Amino acid sequence: SRVLKPVASVAVQNGAKTFSTSGQNNYKVVVAGAAGGIGQPLALLLKQNPLVSRLACYDIAPVTPGVAADLSHMDTPAKVTGHKGPEELASAIENADVVVIPAGVPRKPGMTRDDLFNTNASIVRDLAQCVASKAPKAMLAIITNPVNSMVPIASEVLKKAGVYDPKRVFGVTTLDVVRAAAFIGEINGVDPRSVTIPVIGGHSGVTIIPLLSQSQPAVKLSDQGKIEELTKRIQEAGTEVVKAKAGGGSATLSMAYAGARLTNALLRGLNGESNVVECAYVKSDLTEAAYFANPVLLGKNGLEKNLGYGKLNAYEQQLLKEAMPELLKNIKTGEDFAKK
Ligand code: NAD
Ligand code: LMR
């Protein structure tokens, strides 16, 4: 039988380019909603992450223990556990370092993300309540839509429980960044992974604000009309997938990729790596919105430093102005629900 090697040597064996030997390389990650369209490929990616030593898969679906059994046969070190239904939630959450939440219903054609609020709000509230009591120091990464409202809900729940740390609650907007880089890579004819592009604001329609003027390398588009077209495509990319899936749900695979990327960044920060930067939707005092997405520096305590969003051109200032009423409304909806 095979003897598992220590995590660090496995990382080298797998060809991982960067990892820290100073940190513990030994984190427990929970995926809440692990049996879903996002949850399964997200768990698949996290099972391969050398920083993850324990991967708890939680869902209410009957298939959950099977998803965990399936993953556990992969020859990577992370130990996988399956937890089905509310009575097994506490055991999933306890001792977690990072809890990623893709639990909840996705859109169908014709729906907005806000149409998901009524179903998803109580799901996120209940999960946050368990995090408050069983792993109050865990980082929370919320994928569930509408993200703009779910982050305020989780934050209010943690506040009520007296354990809120604004540096540890993240709305996952990574997919907007991934999409922007993919589209710019295509336009410029370069590897999209070489593109750095901040996307700020929130995660729905007009609240998604790609800062194309800050793209590195610069976007090779000649006129403002094309810039506006690309901006709209990034804002509506989720709807593009919803329509293409024709009733079969929304983005799952690219979201799993993006969720794994943000989770990895949180773990790298926890593990003491420097210069770990991602965009995320966090508690903020940069604008009049109490939560706002932009690049943040991640570290041992979560959000180490809010890096702001730099200089906006006139078009981007206009986009921000248009986003603000919607973002404020989404945040209020979440806060009102949690305060009920
Ligand atoms: P899905 O229906 O395929 O999976 C959702 C899973 O959540 C299911 O397995 C379901 O059993 C589970 N679930 C439901 N209630 C639960 C509860 N109380 N506790 C634990 N698990 C529960 O949906 P999906 O495609 O994986 O999408 C999930 C969510 O992610 C949706 O709200 C979707 O809108 C959102 N999403 C967000 C982004 C983003 O960029 N942030 C991108 C894509 C999708
Ligand atoms: C996305 O951007 O793909 C997600 O928010 C899912 C959706 O409903 O569009």
# chains A, B, ... in the order shown; residues from 1 in each chain; ligands from 1
$ select_by_dssp --residues "stretch 139-258 of chain A" --states "strand (DSSP E or B)" --output "JSON, numbers by chain"
{"A": [139, 140, 141, 142, 169, 170, 171, 196, 199, 200, 201, 208, 209, 210, 216]}
$ residues_near_ligand --ligand "ligand 1" --cutoff "7 Å" --atoms "only C-alpha atoms and all ligand atoms" --output "MDAnalysis selection string"
chainID A and resid 32:39 58:61 102:107 113 116 120 123 143:147 172:176 203 249:252 255
$ write_last_selection --atoms "N, CA and C atoms" --output "compact mmCIF listing (two decimals), in the first residue's frame"
# COMPACT_ATOMS: atom_id res chain seq x y z
N ALA A 32 -19.65 24.45 1.38
CA ALA A 32 -21.06 24.32 1.76
C ALA A 32 -21.89 24.48 0.49
N GLY A 33 -22.48 23.36 0.06
CA GLY A 33 -23.14 23.31 -1.25
C GLY A 33 -22.29 22.45 -2.18
N ALA A 34 -21.58 21.49 -1.57
CA ALA A 34 -20.55 20.72 -2.28
C ALA A 34 -21.09 19.74 -3.31
N ALA A 35 -22.39 19.46 -3.27
CA ALA A 35 -22.94 18.51 -4.24
C ALA A 35 -23.46 19.20 -5.50
N GLY A 36 -23.39 20.52 -5.53
CA GLY A 36 -24.00 21.29 -6.62
C GLY A 36 -23.12 21.43 -7.84
N GLY A 37 -23.65 22.20 -8.79
CA GLY A 37 -22.96 22.44 -10.05
C GLY A 37 -21.62 23.11 -9.86
N ILE A 38 -21.53 24.04 -8.93
CA ILE A 38 -20.25 24.67 -8.59
C ILE A 38 -19.51 23.80 -7.59
N GLY A 39 -20.23 23.35 -6.56
CA GLY A 39 -19.61 22.66 -5.42
C GLY A 39 -18.75 21.47 -5.83
N TYR A 58 -20.08 19.68 2.52
CA TYR A 58 -21.39 19.75 3.14
C TYR A 58 -22.46 20.08 2.10
N ASP A 59 -23.59 19.40 2.18
CA ASP A 59 -24.73 19.73 1.32
C ASP A 59 -25.96 19.05 1.93
N ILE A 60 -27.14 19.47 1.46
CA ILE A 60 -28.35 18.79 1.93
C ILE A 60 -28.76 17.67 0.95
N ALA A 61 -28.10 17.58 -0.18
CA ALA A 61 -28.48 16.60 -1.20
C ALA A 61 -28.06 15.18 -0.80
N PRO A 102 -21.10 27.96 -1.93
CA PRO A 102 -21.85 28.03 -3.17
C PRO A 102 -23.25 27.41 -3.02
N ALA A 103 -23.77 27.32 -1.79
CA ALA A 103 -25.09 26.69 -1.56
C ALA A 103 -26.19 27.65 -1.99
N GLY A 104 -27.19 27.10 -2.66
CA GLY A 104 -28.34 27.93 -3.03
C GLY A 104 -28.75 27.73 -4.47
N VAL A 105 -29.88 28.34 -4.84
CA VAL A 105 -30.39 28.12 -6.21
C VAL A 105 -29.73 29.08 -7.21
N PRO A 106 -29.54 28.58 -8.45
CA PRO A 106 -29.00 29.43 -9.53
C PRO A 106 -30.14 30.01 -10.39
N ARG A 107 -29.77 30.94 -11.27
CA ARG A 107 -30.76 31.57 -12.16
C ARG A 107 -31.17 30.66 -13.31
N ARG A 113 -30.37 38.13 -10.62
CA ARG A 113 -29.79 37.53 -9.42
C ARG A 113 -30.64 37.85 -8.19
N LEU A 116 -33.25 35.51 -6.78
CA LEU A 116 -32.81 34.35 -5.99
C LEU A 116 -32.81 34.67 -4.49
N ASN A 120 -32.26 32.08 -1.24
CA ASN A 120 -30.86 31.96 -0.82
C ASN A 120 -30.53 32.69 0.48
N ILE A 123 -30.62 30.42 3.48
CA ILE A 123 -29.56 29.40 3.39
C ILE A 123 -28.24 30.00 3.90
N ILE A 143 -20.16 32.70 -2.45
CA ILE A 143 -20.39 32.64 -3.89
C ILE A 143 -21.88 32.83 -4.20
N THR A 144 -22.72 32.36 -3.28
CA THR A 144 -24.18 32.38 -3.47
C THR A 144 -24.70 33.76 -3.88
N ASN A 145 -25.58 33.77 -4.85
CA ASN A 145 -26.19 35.02 -5.32
C ASN A 145 -27.50 35.35 -4.61
N PRO A 146 -27.86 36.62 -4.56
CA PRO A 146 -27.09 37.76 -5.01
C PRO A 146 -25.98 38.12 -4.02
N VAL A 147 -24.73 38.02 -4.48
CA VAL A 147 -23.56 38.25 -3.62
C VAL A 147 -23.66 39.61 -2.92
N VAL A 172 -17.41 36.61 -3.34
CA VAL A 172 -16.53 36.13 -4.41
C VAL A 172 -16.92 36.78 -5.74
N THR A 173 -16.05 37.68 -6.20
CA THR A 173 -16.25 38.37 -7.49
C THR A 173 -15.15 37.96 -8.48
N THR A 174 -14.41 36.94 -8.12
CA THR A 174 -13.26 36.51 -8.92
C THR A 174 -13.65 36.15 -10.35
N LEU A 175 -14.88 35.63 -10.52
CA LEU A 175 -15.28 35.22 -11.87
C LEU A 175 -15.34 36.44 -12.81
N ASP A 176 -15.70 37.60 -12.27
CA ASP A 176 -15.73 38.80 -13.11
C ASP A 176 -14.32 39.15 -13.60
N HIS A 203 -21.36 42.35 -7.65
CA HIS A 203 -21.45 41.23 -8.59
C HIS A 203 -22.87 41.09 -9.14
N GLY A 249 -29.28 26.08 -15.61
CA GLY A 249 -28.49 26.72 -14.54
C GLY A 249 -27.57 27.81 -15.07
N SER A 250 -26.63 28.20 -14.23
CA SER A 250 -25.71 29.29 -14.59
C SER A 250 -24.28 28.77 -14.58
N ALA A 251 -23.32 29.68 -14.64
CA ALA A 251 -21.91 29.28 -14.71
C ALA A 251 -21.54 28.40 -13.52
N THR A 252 -20.93 27.27 -13.79
CA THR A 252 -20.51 26.37 -12.71
C THR A 252 -19.00 26.07 -12.81
N MET A 255 -16.88 29.16 -12.61
CA MET A 255 -17.04 29.63 -11.23
C MET A 255 -16.23 28.78 -10.26
$ closest_residue --among "A:Pro325, A:Gly334, A:Gly248, A:Gly308" --to "ligand 2" --atoms "only C-alpha atoms and all ligand atoms"
A:Gly248
$ residues_around --residues "stretch 319-322 of chain A" --least-positions-apart "5" --cutoff "9 Å" --atoms "only C-alpha atoms" --output "PDB file with N, CA and C atoms, in the first residue's frame"
ATOM      1  N   ILE A 200     -14.340  46.211 -10.109  1.00  0.00           N
ATOM      2  CA  ILE A 200     -14.741  46.751  -8.801  1.00  0.00           C
ATOM      3  C   ILE A 200     -16.264  46.847  -8.692  1.00  0.00           C
ATOM      4  N   GLY A 201     -16.737  47.232  -7.512  1.00  0.00           N
ATOM      5  CA  GLY A 201     -18.162  47.461  -7.289  1.00  0.00           C
ATOM      6  C   GLY A 201     -18.813  46.282  -6.615  1.00  0.00           C
ATOM      7  N   VAL A 206     -25.083  46.244 -13.582  1.00  0.00           N
ATOM      8  CA  VAL A 206     -24.361  47.527 -13.588  1.00  0.00           C
ATOM      9  C   VAL A 206     -23.379  47.678 -12.423  1.00  0.00           C
ATOM     10  N   THR A 207     -23.520  46.855 -11.392  1.00  0.00           N
ATOM     11  CA  THR A 207     -22.578  46.999 -10.258  1.00  0.00           C
ATOM     12  C   THR A 207     -21.211  46.366 -10.565  1.00  0.00           C
ATOM     13  N   ILE A 208     -21.133  45.606 -11.669  1.00  0.00           N
ATOM     14  CA  ILE A 208     -19.845  45.029 -12.091  1.00  0.00           C
ATOM     15  C   ILE A 208     -19.117  46.089 -12.928  1.00  0.00           C
ATOM     16  N   ILE A 209     -18.014  46.614 -12.388  1.00  0.00           N
ATOM     17  CA  ILE A 209     -17.322  47.717 -13.073  1.00  0.00           C
ATOM     18  C   ILE A 209     -15.882  47.315 -13.411  1.00  0.00           C
ATOM     19  N   ALA A 314     -13.236  59.146 -17.056  1.00  0.00           N
ATOM     20  CA  ALA A 314     -14.576  59.741 -16.988  1.00  0.00           C
ATOM     21  C   ALA A 314     -15.663  58.678 -17.177  1.00  0.00           C
TER      22      ALA A 314
END
$ select_by_dssp --residues "stretch 134-253 of chain A" --states "helix (DSSP H, G or I)" --output "ChimeraX atom specification"
/A:134,147-160,166-168,174-188,192-194,205-207,212-214,224-235,237-245,253
$ closest_residue --among "A:Gly205, A:Val163, A:Val98, A:Pro65" --to "ligand 2" --atoms "only C-alpha atoms and all ligand atoms"
A:Gly205
$ closest_residue --among "A:Ser149, A:Asn264, A:Thr119, A:Ser204" --to "A:Leu51" --atoms "only C-alpha atoms"
A:Asn264
$ closest_residue --among "A:Pro198, A:Gly247, A:Pro86, A:Gly238" --to "ligand 2" --atoms "only C-alpha atoms and all ligand atoms"
A:Gly238
